[in-house]
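**Q** Below are the C-alpha cells for one structure; questions will follow.
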Amino acid sequence: MGRKLLSLFLVLALTIPFAACAGAEESGGDLTDIVLSDQGVTVDDDAASQDSEDAVYVGAEIVYYQSGQDETYGEGTEADSHDPEEAEAHTVVTITQPGTYRLSGSLSLGQVAVDLGEDAKEDPQAVVTLILDGVDLTCTVAPAVLFYNVYECGPDDTETASPTVDTSAAGANVVLADGSVNRISGSYVARIYKEGTTDKLHKYDGAFYSRMSMNISGGEEGDGVLEITAENEGLDSELHLTINGGDIRITAQNDGINTNEDGVSVTTVNGGTLTINAGLGAEGDGIDSNGYLVVNGGTVVSSANGQVGEGGLDSDMGIYLNGGTVLAFGSRNDTASGDSTQALMELTFSSAQSAGSLFTVEDGEGNVLFSSTPVKEYSSVTLSSPALTYGETYAVYVDGVLQQYTGSGAMGGPSGMGPGGAPGERPGGQEPSEPPVGEEQTPPEDWVPAQETVPPEGEPPEELPEEALPEDRQPGQGGRPGGGEDFGAAQDGTQQAGSTAFTPTAESHSFSGVSAAEELPFTDVSAESASYDAVVWVWRQGLMNGTSDTTFSPEETVSRAMAVTVLARMAGAEAADSDAFSDVESGTWYSGYVGWAISNGIVEGDGAGHFLPEEPVTREQMALMLSRYAEGSGASYTAPEGAGSVPLTRAELAQMLYSYQQG
C-alpha cells in the first residue's frame with residue numbers, strides 16, 4: 001500500500017508559553033555571568049571569590065559518599081563510594097543569593113550548587129534562575145548541578161495531592177539559551193545518615209538534582225539543548241518538576257527522570273522535546289513519578305530497561321496524557337488514566353522486540369503518524385498525539401512487518417448483533433463515525449425487522465463448507481475492529497485469530513498479544529490489485545478464507561448462504577437454527593447463521609418462505625443486508641456506487657466489508 005510519510009516527530013513538536021519560568025527581568029535582579037573553566041572560574045569577568053558571603057564563590061567542600069565507612073555512616077556500598085582525593089579534585093561553584101545567572105564554559109571536574117540557606121524554603125523571594133548557555137560540566141562523585149535550598153512553592157500534602165500543580169513561583173528555574181548545547185555529566189550521593197541516627201542527611205540520586213520543585217524551560221526559539229549523562233538517575237526533583245520547553249536528552253543507568261515524594265510529586269511536561277534512554281544498568285524507568293505524571297504538550301520519546309518490568313512511563317498515582325506527542329517503550333508501561341483527555345494507544349507484545357527495530361503506526365490512508373527506532377528491546381508501547389483519533393483504525397508495523405493483536409481492553413456486553421454492546425450501540429462502545437458523503441441505504445418503508453422472532457435452540461453445524469474457518473482460526477467478534485469484550489477470546493473461550501486493525505476508543509485503547517501478522521497465502525490476489533488490502537483484512541479478521549490453501553478465487557460469485565455466514569462471523573454471532581425458510585435444512589453449515597440473520601432482521605427471503613441459499617447474492621442485496629446490519633449496530637452504511645442486480649464476487653464482498661469497517 002502507498003505510504004505518505006507524515007511523521008509527527010518532524011511536524012508536531014509542540015510548544016506552549018512558559019508561564020512557569022522567570023527570566024532575568026522577572027527575577028528582580030541583574031544578570032550575572034559565570035564562566036566555567038579548569039583554569040579558573042570567572043564571575044562577570046572577574047576571578048570568582050572564595051568568600052562564602054558573596055553571591056557566587058568557589059571552594060566549598062563537595063558532598064559525596066566517602067569510602068572506608070561502616071554501616072553507621074549510611075546505606076551506600078563500596079560501589080557508591082569515592083576516595084577523598086577524587087572528591088577534592090572537584091571545583092564547587094556555589095550560588096548563595098537570589099537572581100538570574102548565566103552559565104557558560106567547561107569544567108571537567110566540578111559542580112554548580114545553589115544554596116540560599118535553610119530559611120529559603122519558606123521565602124518566596126528565594127528564587128534562582130540558571131540560564132545554561134554552552135555549559136560542559138562533569139562531576140564524578142555527586143550531581144553536577146544541585147539545588148540545595150531555594151523557595152518551595154509546591155504543596156506536599158498527600159491529602160490534597162492532585163495531578164494539577166502550579167510551579168510558576170518555584171525557587172529552582174533552569175532556562176536553556178537559544179542555540180546553545182549544554183552537556184551535564186553527573187554521579188549521585190547514596191544515603192548518608194545524620195550522625196548517631198538513621199535519618200537522612202544527604203541523598204541525591206540524579207546527575208541534575210533539586211531538593212525543591214523545579215522548572216525547566218527553553219528560550220524564545222526553544223532550540224536550546226540539555227544533554228544529561230547520568231551514572232545513576234538523570235533529572236530529579238524531590239517534589240515537583242515542570243518541563244516547559246527546550247530540547248532535553250537524557251542517558252541514564254537508572255531512571256531518566258524521577259520525582260520522588262510518594263503520593264504527591266507531579267512530573268509535568270508542557271512543551272519542548274524530551275528524549276530519554278534510561279535503564280542502561282540493571283533497572284530503570286524512562287520517567288518515574290512517585291506521584292503523578294502529566295503530559296500536556298511537547299514531544300516525549302522514552303525508552304526504559306527492556307528486561308526487568310520497567311516502563312517508559314511509570315507513575316504511582318496516575319498518568320494523564322492531555323496533549324503533545326508521546327511514544328514510550330519499556331518492558332511494562334504503567335496504564336494511562338481514563339481521565340486523559342487525548343487519544344492514546346497501549347500495546348503489549350507477546351514477545352520482546354529487538355532494539356533498533358523500526359516501529360511505525362499508519363492511519364487508514366497510509367500516513368505515518370509515529371516512527372521511531374527504540375534504542376532498547378521492548379515489549380510495551382504507549383503512544384498518544386493530537387493526530388490520533390478514537391474510532392479510527394490504524395496499522396502497526398515493526399521493521400515493515402504488519403502486526404496483529406489477539407486481545408484488547410474493549411468494554412461491552414451481549415446484544416442481538418453479537419457481543420459488541422447493547423442494542424443500538426456500536427460494538428466496543430464506539431460512537432458511530434460520520435457516514436460517507438452520498439445517499440444512505442435504508443430498508444424499504446414497509447419492511448419490519450424480524451427482531452421479535454425467537455429462533456429455536458439448535459446445535460452448531462457439524463459440516464462446514466470450503467469457506468469455513470480452519471481449526472486454528474476463529475471468526476472475529478464485533479461489528480467492526482475493536483468490538484467485543486475481550487477481543488482475543490472466541491465465545492467458546494479459545495484464542496481467536498489476530499486482528500491487524502487497531503481501533504482505539506476512549507473505553508478500549510489497550511491491545512495485548514501483539515505479534516507479527518501471518519502472510520497472505522493466496523497466489524491469485526496480487527499486491528497491485530484493487531482488492532488486495534480488503535482481502536488481507538477479511539482474511540486476517542477470519543471473515544473469509546480461501547477456496548483452497550493457496551487460492552482466494554476473487555472472481556467467484558458469492559451465494560446468499562455465504563453472505564449471511566460472513567456477516568455472522570463479523571458479528572461474532574452464535575449459530576441458531578430457524579424454521580422460517582422451507583429450503584434451509586437444519587444442521588447444514590449455514591442454517592444456524594441464516595437463523596441469526598432472520599432473528600436480527602438482516603434477511604427476509606423471497607416472500608414465499610424461501611431463502612434461496614445457493615442463489616448468487618447481488619450487489620444490491622448485499623448492500624441492503626449490510627445496511628440492516630449497520631442499523632442493528634447503531635451505525636450507518638452507504639452502499640458503493642453501481643450496486644445493482646449483478647452477482648457479487650468474493651473480491652467485491654471483501655471490499656464492501658473493508659469499506660464498512662473504515663466508515
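If you're wondering about the labels, chains in the C-alpha cells are A, B, ... by order shown, residues count from 1 in each chain, ligands from 1 in order shown.
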Please, which residues in region 161-210 of chain A fall within 12 Å of region 44-62 of chain A when counting only C-alpha atoms, and what is the closest atom pair and distance in Å to one decimal for each, ordered by chain then residue number, as a Markdown table?

**A**
| residue | atom | partner | partner_atom | distance |
| --- | --- | --- | --- | --- |
| A:Tyr188 | CA | A:Ile62 | CA | 11.7 |
| A:Val189 | CA | A:Ile62 | CA | 10.5 |
| A:His202 | CA | A:Ile62 | CA | 11.7 |

**Q** Would you list the contacts of region 272-283 of chain A as a list in words, taking every protein, DNA or RNA residue within 6 Å and counting only C-alpha atoms, but skipping same-chain residues closer than 5 positions in sequence?

**A** Thr15, Gly245, Gly246, Asp247, Ile248, Arg249, Ile250, Thr251, Ala252, Gln253, Asn254, Asp255, Gly256, Gly298, Thr299, Val300, Val301, Ser302, Ser303, Ala304 and Asn305 of chain A

**Q** Atoms to include: N, CA, C and O atoms. Write the selected residues as a JSON list (two decimals), in the first residue's frame.

**A**
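out.json was written with the following content:
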[["chain", "number", "residue", "atom", "x", "y", "z"],
["A", 15, "THR", "N", 4.88, 23.56, 21.18],
["A", 15, "THR", "CA", 5.38, 24.42, 22.25],
["A", 15, "THR", "C", 4.23, 25.21, 22.83],
["A", 15, "THR", "O", 3.25, 25.52, 22.14],
["A", 245, "GLY", "N", 9.88, 23.63, 28.01],
["A", 245, "GLY", "CA", 10.46, 23.79, 26.69],
["A", 245, "GLY", "C", 11.91, 23.36, 26.65],
["A", 245, "GLY", "O", 12.48, 22.87, 27.62],
["A", 246, "GLY", "N", 12.50, 23.55, 25.47],
["A", 246, "GLY", "CA", 13.88, 23.15, 25.25],
["A", 246, "GLY", "C", 13.96, 21.74, 24.69],
["A", 246, "GLY", "O", 12.96, 21.03, 24.54],
["A", 247, "ASP", "N", 15.18, 21.36, 24.38],
["A", 247, "ASP", "CA", 15.46, 20.03, 23.83],
["A", 247, "ASP", "C", 16.30, 19.28, 24.86],
["A", 247, "ASP", "O", 17.50, 19.54, 25.01],
["A", 248, "ILE", "N", 15.67, 18.37, 25.60],
["A", 248, "ILE", "CA", 16.32, 17.69, 26.71],
["A", 248, "ILE", "C", 16.57, 16.24, 26.32],
["A", 248, "ILE", "O", 15.64, 15.52, 25.94],
["A", 249, "ARG", "N", 17.81, 15.80, 26.44],
["A", 249, "ARG", "CA", 18.20, 14.45, 26.06],
["A", 249, "ARG", "C", 18.91, 13.80, 27.25],
["A", 249, "ARG", "O", 19.94, 14.29, 27.70],
["A", 250, "ILE", "N", 18.35, 12.69, 27.71],
["A", 250, "ILE", "CA", 18.85, 12.07, 28.94],
["A", 250, "ILE", "C", 19.29, 10.64, 28.65],
["A", 250, "ILE", "O", 18.55, 9.86, 28.06],
["A", 251, "THR", "N", 20.50, 10.32, 29.09],
["A", 251, "THR", "CA", 21.01, 8.94, 29.05],
["A", 251, "THR", "C", 21.36, 8.56, 30.49],
["A", 251, "THR", "O", 22.20, 9.20, 31.12],
["A", 252, "ALA", "N", 20.70, 7.53, 31.01],
["A", 252, "ALA", "CA", 20.84, 7.23, 32.44],
["A", 252, "ALA", "C", 20.98, 5.74, 32.67],
["A", 252, "ALA", "O", 20.33, 4.93, 32.02],
["A", 253, "GLN", "N", 21.81, 5.39, 33.65],
["A", 253, "GLN", "CA", 21.94, 3.99, 34.05],
["A", 253, "GLN", "C", 20.68, 3.51, 34.75],
["A", 253, "GLN", "O", 20.32, 2.33, 34.64],
["A", 254, "ASN", "N", 20.00, 4.40, 35.46],
["A", 254, "ASN", "CA", 18.77, 4.05, 36.16],
["A", 254, "ASN", "C", 17.64, 4.89, 35.56],
["A", 254, "ASN", "O", 17.57, 5.03, 34.34],
["A", 255, "ASP", "N", 16.76, 5.46, 36.38],
["A", 255, "ASP", "CA", 15.65, 6.25, 35.85],
["A", 255, "ASP", "C", 16.15, 7.47, 35.07],
["A", 255, "ASP", "O", 17.11, 8.13, 35.49],
["A", 256, "GLY", "N", 15.44, 7.79, 33.99],
["A", 256, "GLY", "CA", 15.78, 9.00, 33.26],
["A", 256, "GLY", "C", 15.36, 10.24, 34.02],
["A", 256, "GLY", "O", 16.13, 11.19, 34.17],
["A", 298, "GLY", "N", 4.30, 19.25, 23.93],
["A", 298, "GLY", "CA", 5.66, 18.86, 23.61],
["A", 298, "GLY", "C", 5.74, 17.48, 23.00],
["A", 298, "GLY", "O", 4.74, 16.88, 22.59],
["A", 299, "THR", "N", 6.94, 16.95, 22.94],
["A", 299, "THR", "CA", 7.19, 15.61, 22.40],
["A", 299, "THR", "C", 8.01, 14.81, 23.40],
["A", 299, "THR", "O", 9.07, 15.28, 23.84],
["A", 300, "VAL", "N", 7.55, 13.63, 23.75],
["A", 300, "VAL", "CA", 8.24, 12.75, 24.70],
["A", 300, "VAL", "C", 8.51, 11.42, 24.02],
["A", 300, "VAL", "O", 7.57, 10.74, 23.58],
["A", 301, "VAL", "N", 9.78, 11.05, 23.90],
["A", 301, "VAL", "CA", 10.17, 9.74, 23.41],
["A", 301, "VAL", "C", 11.03, 9.11, 24.50],
["A", 301, "VAL", "O", 12.12, 9.59, 24.80],
["A", 302, "SER", "N", 10.52, 8.04, 25.10],
["A", 302, "SER", "CA", 11.14, 7.49, 26.31],
["A", 302, "SER", "C", 11.35, 6.00, 26.17],
["A", 302, "SER", "O", 10.41, 5.26, 25.85],
["A", 303, "SER", "N", 12.57, 5.54, 26.45],
["A", 303, "SER", "CA", 12.89, 4.11, 26.44],
["A", 303, "SER", "C", 13.43, 3.71, 27.80],
["A", 303, "SER", "O", 14.29, 4.39, 28.36],
["A", 304, "ALA", "N", 12.92, 2.59, 28.32],
["A", 304, "ALA", "CA", 13.33, 2.08, 29.62],
["A", 304, "ALA", "C", 14.06, 0.76, 29.46],
["A", 304, "ALA", "O", 14.17, 0.21, 28.36],
["A", 305, "ASN", "N", 14.57, 0.25, 30.58],
["A", 305, "ASN", "CA", 15.16, -1.09, 30.58],
["A", 305, "ASN", "C", 14.12, -2.08, 30.06],
["A", 305, "ASN", "O", 13.00, -2.13, 30.57]]

**Q** Have a look at CA of Val128 (chain A) and CA of Asp178 (chain A) and let me know their distance in Å, one decimal.

**A**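 Interatomic distance here is 19.2 Å.
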
**Q** With distances taken over only C-alpha atoms, which residue among A:Glu555, A:Glu392, A:Asp236, A:Glu220 lies nearest Pro143 (chain A)?

**A**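 Counting only C-alpha atoms, the residue closest to Pro143 (chain A) is A:Asp236.
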
**Q** Leu383 (chain A): which residues within 7 Å, counting only C-alpha atoms, same-chain residues fewer than 4 positions away excluded, as a VMD selection string?

**A** chain A and resid 326 to 328 344 to 346

**Q** Keeping C-alpha atoms for every residue in the selection just given, could you write it to a file as a compact mmCIF listing (two decimals), in the first residue's frame?

**A**
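Now in part-v6.txt:
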# COMPACT_ATOMS: atom_id res chain seq x y z
CA VAL A 326 4.17 10.60 23.46
CA LEU A 327 5.97 7.43 22.43
CA ALA A 328 7.15 5.32 25.36
CA LEU A 344 -3.89 7.13 23.12
CA MET A 345 -2.97 3.50 22.42
CA GLU A 346 -1.24 1.00 24.69

**Q** Can you measure CA of Thr341 (chain A) to CA of Tyr320 (chain A) for me? One decimal in Å is fine.

**A**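 Atom-to-atom, CA of Thr341 (chain A) and CA of Tyr320 (chain A) are spaced 7.7 Å apart.
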
**Q** Enumerate the residues of region 142-330 of chain A with a DSSP assignment of strand (DSSP E or B), computed from the backbone, and present them as a CSV table (one decimal) with N, CA and C atoms, in the first residue's frame.

**A**
chain,number,residue,atom,x,y,z
A,145,VAL,N,24.8,19.4,38.9
A,145,VAL,CA,24.0,20.6,39.2
A,145,VAL,C,23.1,20.2,40.4
A,146,LEU,N,23.1,21.0,41.4
A,146,LEU,CA,22.4,20.6,42.7
A,146,LEU,C,21.8,21.8,43.3
A,147,PHE,N,20.5,21.9,43.3
A,147,PHE,CA,19.7,22.9,44.1
A,147,PHE,C,19.5,22.4,45.5
A,148,TYR,N,20.2,23.0,46.5
A,148,TYR,CA,20.0,22.6,47.9
A,148,TYR,C,18.8,23.3,48.5
A,149,ASN,N,18.9,24.6,48.6
A,149,ASN,CA,17.9,25.4,49.3
A,149,ASN,C,17.5,26.6,48.5
A,172,ALA,N,13.6,27.1,42.0
A,172,ALA,CA,14.7,26.5,41.2
A,172,ALA,C,14.2,26.5,39.7
A,173,ASN,N,14.9,27.3,38.9
A,173,ASN,CA,14.5,27.5,37.5
A,173,ASN,C,15.7,27.3,36.6
A,174,VAL,N,15.5,26.7,35.5
A,174,VAL,CA,16.6,26.5,34.5
A,174,VAL,C,16.1,26.9,33.1
A,175,VAL,N,16.8,27.7,32.4
A,175,VAL,CA,16.5,28.1,31.0
A,175,VAL,C,17.6,27.6,30.1
A,176,LEU,N,17.2,27.0,29.0
A,176,LEU,CA,18.2,26.6,28.0
A,176,LEU,C,18.3,27.7,26.9
A,181,VAL,N,24.2,24.4,23.3
A,181,VAL,CA,24.2,23.0,23.6
A,181,VAL,C,24.9,22.8,25.0
A,182,ASN,N,24.3,22.2,25.9
A,182,ASN,CA,24.8,22.1,27.3
A,182,ASN,C,24.9,20.6,27.7
A,183,ARG,N,26.1,20.3,28.1
A,183,ARG,CA,26.3,18.9,28.4
A,183,ARG,C,26.6,18.7,29.9
A,184,ILE,N,25.8,18.0,30.6
A,184,ILE,CA,25.9,17.8,32.0
A,184,ILE,C,26.1,16.3,32.3
A,185,SER,N,27.3,15.9,32.9
A,185,SER,CA,27.6,14.5,33.2
A,185,SER,C,27.7,14.4,34.7
A,186,GLY,N,26.9,13.6,35.4
A,186,GLY,CA,27.0,13.6,36.8
A,186,GLY,C,26.8,12.2,37.4
A,189,VAL,N,24.7,10.7,45.1
A,189,VAL,CA,25.2,10.5,46.5
A,189,VAL,C,24.2,9.6,47.2
A,190,ALA,N,24.7,8.4,47.6
A,190,ALA,CA,23.9,7.4,48.3
A,190,ALA,C,23.5,8.0,49.7
A,191,ARG,N,22.5,7.4,50.3
A,191,ARG,CA,22.0,7.9,51.6
A,191,ARG,C,23.1,8.0,52.7
A,192,ILE,N,23.3,9.2,53.2
A,192,ILE,CA,24.2,9.4,54.3
A,192,ILE,C,23.4,9.8,55.5
A,193,TYR,N,23.6,9.2,56.7
A,193,TYR,CA,22.8,9.4,57.9
A,193,TYR,C,23.3,10.6,58.6
A,200,LYS,N,17.9,10.7,57.2
A,200,LYS,CA,18.7,11.1,56.1
A,200,LYS,C,19.3,12.5,56.3
A,201,LEU,N,20.6,12.6,56.0
A,201,LEU,CA,21.3,13.8,56.0
A,201,LEU,C,21.5,14.3,54.5
A,202,HIS,N,21.9,13.3,53.7
A,202,HIS,CA,22.1,13.6,52.3
A,202,HIS,C,21.7,12.4,51.5
A,203,LYS,N,21.1,12.6,50.4
A,203,LYS,CA,20.8,11.5,49.4
A,203,LYS,C,20.3,12.2,48.1
A,204,TYR,N,21.2,12.2,47.1
A,204,TYR,CA,20.9,12.8,45.8
A,204,TYR,C,21.1,11.9,44.7
A,206,GLY,N,20.2,11.9,41.4
A,206,GLY,CA,20.3,12.3,40.0
A,206,GLY,C,21.5,13.1,39.6
A,207,ALA,N,21.9,13.1,38.3
A,207,ALA,CA,23.0,13.9,37.9
A,207,ALA,C,22.7,15.4,37.9
A,208,PHE,N,21.4,15.7,37.7
A,208,PHE,CA,20.9,17.1,37.7
A,208,PHE,C,19.8,17.0,38.7
A,209,TYR,N,20.0,17.7,39.9
A,209,TYR,CA,19.1,17.4,41.0
A,209,TYR,C,18.6,18.6,41.7
A,210,SER,N,17.4,18.6,42.2
A,210,SER,CA,16.8,19.7,43.0
A,210,SER,C,16.1,19.1,44.2
A,214,MET,N,11.1,22.3,40.7
A,214,MET,CA,12.0,22.9,39.7
A,214,MET,C,11.2,23.0,38.3
A,215,ASN,N,11.5,24.1,37.6
A,215,ASN,CA,11.1,24.4,36.3
A,215,ASN,C,12.2,24.3,35.3
A,216,ILE,N,12.0,23.7,34.1
A,216,ILE,CA,13.0,23.8,33.0
A,216,ILE,C,12.3,24.3,31.8
A,217,SER,N,12.9,25.3,31.2
A,217,SER,CA,12.2,25.9,30.0
A,217,SER,C,13.3,26.2,28.9
A,218,GLY,N,12.8,26.6,27.7
A,218,GLY,CA,13.6,27.0,26.6
A,218,GLY,C,13.5,28.5,26.5
A,225,VAL,N,19.7,23.0,23.9
A,225,VAL,CA,19.8,21.6,24.1
A,225,VAL,C,20.4,21.4,25.5
A,226,LEU,N,19.8,20.4,26.3
A,226,LEU,CA,20.4,20.0,27.5
A,226,LEU,C,20.6,18.5,27.4
A,227,GLU,N,21.9,18.0,27.4
A,227,GLU,CA,22.3,16.6,27.4
A,227,GLU,C,22.7,16.2,28.8
A,228,ILE,N,22.0,15.3,29.3
A,228,ILE,CA,22.4,14.8,30.7
A,228,ILE,C,22.8,13.3,30.6
A,229,THR,N,24.0,13.0,31.0
A,229,THR,CA,24.6,11.7,31.1
A,229,THR,C,24.7,11.3,32.6
A,230,ALA,N,24.0,10.3,33.0
A,230,ALA,CA,23.9,10.0,34.4
A,230,ALA,C,24.5,8.7,34.8
A,233,GLU,N,20.5,8.1,38.2
A,233,GLU,CA,19.4,8.7,37.6
A,233,GLU,C,19.8,10.0,36.9
A,234,GLY,N,18.9,10.5,36.0
A,234,GLY,CA,19.2,11.6,35.2
A,234,GLY,C,18.8,13.0,35.8
A,235,LEU,N,17.5,13.3,35.7
A,235,LEU,CA,16.9,14.6,36.1
A,235,LEU,C,15.9,14.3,37.2
A,236,ASP,N,16.2,14.8,38.4
A,236,ASP,CA,15.4,14.5,39.6
A,236,ASP,C,15.0,15.8,40.4
A,237,SER,N,13.8,15.7,40.9
A,237,SER,CA,13.3,16.7,41.9
A,237,SER,C,12.7,15.9,43.0
A,241,LEU,N,8.3,18.6,39.3
A,241,LEU,CA,9.2,19.0,38.2
A,241,LEU,C,8.3,19.4,37.0
A,242,THR,N,8.5,20.6,36.4
A,242,THR,CA,7.7,21.0,35.3
A,242,THR,C,8.7,21.3,34.1
A,243,ILE,N,8.4,20.7,33.0
A,243,ILE,CA,9.2,21.0,31.8
A,243,ILE,C,8.4,21.7,30.8
A,247,ASP,N,15.2,21.4,24.4
A,247,ASP,CA,15.5,20.0,23.8
A,247,ASP,C,16.3,19.3,24.9
A,248,ILE,N,15.7,18.4,25.6
A,248,ILE,CA,16.3,17.7,26.7
A,248,ILE,C,16.6,16.2,26.3
A,249,ARG,N,17.8,15.8,26.4
A,249,ARG,CA,18.2,14.4,26.1
A,249,ARG,C,18.9,13.8,27.2
A,250,ILE,N,18.3,12.7,27.7
A,250,ILE,CA,18.9,12.1,28.9
A,250,ILE,C,19.3,10.6,28.7
A,251,THR,N,20.5,10.3,29.1
A,251,THR,CA,21.0,8.9,29.1
A,251,THR,C,21.4,8.6,30.5
A,252,ALA,N,20.7,7.5,31.0
A,252,ALA,CA,20.8,7.2,32.4
A,252,ALA,C,21.0,5.7,32.7
A,257,ILE,N,14.1,10.3,34.5
A,257,ILE,CA,13.6,11.3,35.3
A,257,ILE,C,12.9,10.7,36.5
A,258,ASN,N,13.1,11.3,37.7
A,258,ASN,CA,12.5,10.8,38.9
A,258,ASN,C,12.0,12.0,39.8
A,259,THR,N,10.8,12.0,40.1
A,259,THR,CA,10.2,12.9,41.2
A,259,THR,C,9.8,12.0,42.3
A,266,VAL,N,4.5,15.6,41.2
A,266,VAL,CA,3.9,15.7,39.9
A,266,VAL,C,5.0,16.1,38.9
A,267,THR,N,5.2,15.2,37.9
A,267,THR,CA,6.0,15.5,36.8
A,267,THR,C,5.2,16.0,35.7
A,268,THR,N,5.4,17.2,35.2
A,268,THR,CA,4.5,17.8,34.2
A,268,THR,C,5.4,18.2,33.0
A,269,VAL,N,4.9,17.8,31.8
A,269,VAL,CA,5.6,18.2,30.5
A,269,VAL,C,4.6,19.0,29.8
A,273,THR,N,11.0,19.2,23.7
A,273,THR,CA,11.3,17.8,23.2
A,273,THR,C,12.1,17.1,24.3
A,274,LEU,N,11.6,15.9,24.7
A,274,LEU,CA,12.2,15.1,25.7
A,274,LEU,C,12.5,13.8,25.2
A,275,THR,N,13.8,13.4,25.1
A,275,THR,CA,14.3,12.1,24.6
A,275,THR,C,15.1,11.4,25.7
A,276,ILE,N,14.6,10.2,26.1
A,276,ILE,CA,15.2,9.6,27.2
A,276,ILE,C,15.6,8.1,26.9
A,277,ASN,N,16.8,7.8,27.2
A,277,ASN,CA,17.4,6.5,27.1
A,277,ASN,C,17.8,6.1,28.5
A,287,ILE,N,10.5,7.7,32.6
A,287,ILE,CA,10.0,8.7,33.6
A,287,ILE,C,9.4,8.0,34.7
A,288,ASP,N,9.8,8.3,35.9
A,288,ASP,CA,9.3,7.6,37.1
A,288,ASP,C,8.8,8.7,38.1
A,289,SER,N,7.5,8.8,38.3
A,289,SER,CA,7.0,9.7,39.3
A,289,SER,C,6.4,8.9,40.4
A,292,TYR,N,2.3,11.7,40.4
A,292,TYR,CA,1.6,11.8,39.1
A,292,TYR,C,2.5,12.2,38.0
A,293,LEU,N,2.1,11.8,36.8
A,293,LEU,CA,2.8,12.1,35.5
A,293,LEU,C,1.8,12.7,34.6
A,294,VAL,N,2.0,13.9,34.1
A,294,VAL,CA,1.1,14.6,33.3
A,294,VAL,C,1.8,15.2,32.0
A,295,VAL,N,1.3,14.9,30.9
A,295,VAL,CA,1.8,15.4,29.6
A,295,VAL,C,0.8,16.3,29.0
A,299,THR,N,6.9,16.9,22.9
A,299,THR,CA,7.2,15.6,22.4
A,299,THR,C,8.0,14.8,23.4
A,300,VAL,N,7.5,13.6,23.7
A,300,VAL,CA,8.2,12.8,24.7
A,300,VAL,C,8.5,11.4,24.0
A,301,VAL,N,9.8,11.1,23.9
A,301,VAL,CA,10.2,9.7,23.4
A,301,VAL,C,11.0,9.1,24.5
A,302,SER,N,10.5,8.0,25.1
A,302,SER,CA,11.1,7.5,26.3
A,302,SER,C,11.3,6.0,26.2
A,303,SER,N,12.6,5.5,26.4
A,303,SER,CA,12.9,4.1,26.4
A,303,SER,C,13.4,3.7,27.8
A,313,LEU,N,7.0,5.0,30.8
A,313,LEU,CA,6.2,5.8,31.7
A,313,LEU,C,5.9,5.0,32.9
A,314,ASP,N,6.2,5.6,34.1
A,314,ASP,CA,5.9,4.9,35.3
A,314,ASP,C,5.4,5.9,36.3
A,315,SER,N,4.2,5.7,36.9
A,315,SER,CA,3.7,6.6,37.9
A,315,SER,C,2.8,5.9,38.9
A,318,GLY,N,-0.9,7.9,38.8
A,318,GLY,CA,-1.7,8.1,37.6
A,318,GLY,C,-0.9,8.8,36.5
A,319,ILE,N,-1.1,8.4,35.2
A,319,ILE,CA,-0.5,9.0,34.1
A,319,ILE,C,-1.7,9.7,33.3
A,320,TYR,N,-1.5,11.0,33.0
A,320,TYR,CA,-2.5,11.8,32.3
A,320,TYR,C,-1.9,12.3,31.0
A,321,LEU,N,-2.4,11.8,29.9
A,321,LEU,CA,-1.9,12.3,28.6
A,321,LEU,C,-3.0,13.2,28.0
A,325,THR,N,2.9,14.9,21.9
A,325,THR,CA,3.2,13.6,21.3
A,325,THR,C,4.0,12.7,22.3
A,326,VAL,N,3.5,11.5,22.5
A,326,VAL,CA,4.2,10.6,23.5
A,326,VAL,C,4.4,9.3,22.8
A,327,LEU,N,5.6,8.8,22.9
A,327,LEU,CA,6.0,7.4,22.4
A,327,LEU,C,6.9,6.8,23.5
A,328,ALA,N,6.4,5.9,24.2
A,328,ALA,CA,7.1,5.3,25.4
A,328,ALA,C,7.3,3.8,25.2
A,329,PHE,N,8.6,3.4,25.3
A,329,PHE,CA,8.9,1.9,25.2
A,329,PHE,C,9.4,1.4,26.5
A,330,GLY,N,9.0,0.2,26.8
A,330,GLY,CA,9.6,-0.5,28.0
A,330,GLY,C,9.2,-1.9,28.0

**Q** Given only C-alpha atoms as the basis, pick out the residue of A:Gly605, A:Pro647, A:Gly110, A:Pro613 nearest to Val584 (chain A).

**A**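 Under the stated criterion, the closest residue is A:Pro613.
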
**Q** Which of these, A:Gly391, A:Gly592, A:Gly284, A:Gly76, has the shortest distance to His509 (chain A) once you count only C-alpha atoms?

**A**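 Ranked by minimum distance to His509 (chain A), first place goes to A:Gly391.
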
**Q** Using only C-alpha atoms, which of A:Met656, A:Ala89, A:Ala571, A:Ala343 sits nearest Pro504 (chain A)?

**A**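 Closest to Pro504 (chain A) of all the choices is A:Ala343.
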
**Q** Restricting the calculation to only C-alpha atoms, which member of A:Gly68, A:Gly134, A:Gly323, A:Gly601 is positioned closest to Ala177 (chain A)?

**A**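 Once distances to Ala177 (chain A) are computed over only C-alpha atoms, the minimum belongs to A:Gly134.
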
**Q** Please provide the set of residues having any atom within 10 Å of Thr32 (chain A), restricted to only C-alpha atoms, with same-chain residues fewer than 2 positions apart removed, written as a list of chain:residue names.

**A**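 Here the answer would be A:Ala24, A:Gly29, A:Asp30, A:Ile34, A:Val35, A:Val43, A:Asp44, A:Asp45, A:Ala55, A:Val56, A:Gly99, A:Thr100, A:Tyr101, A:Arg102, A:Leu103, A:Leu130, A:Ile131.
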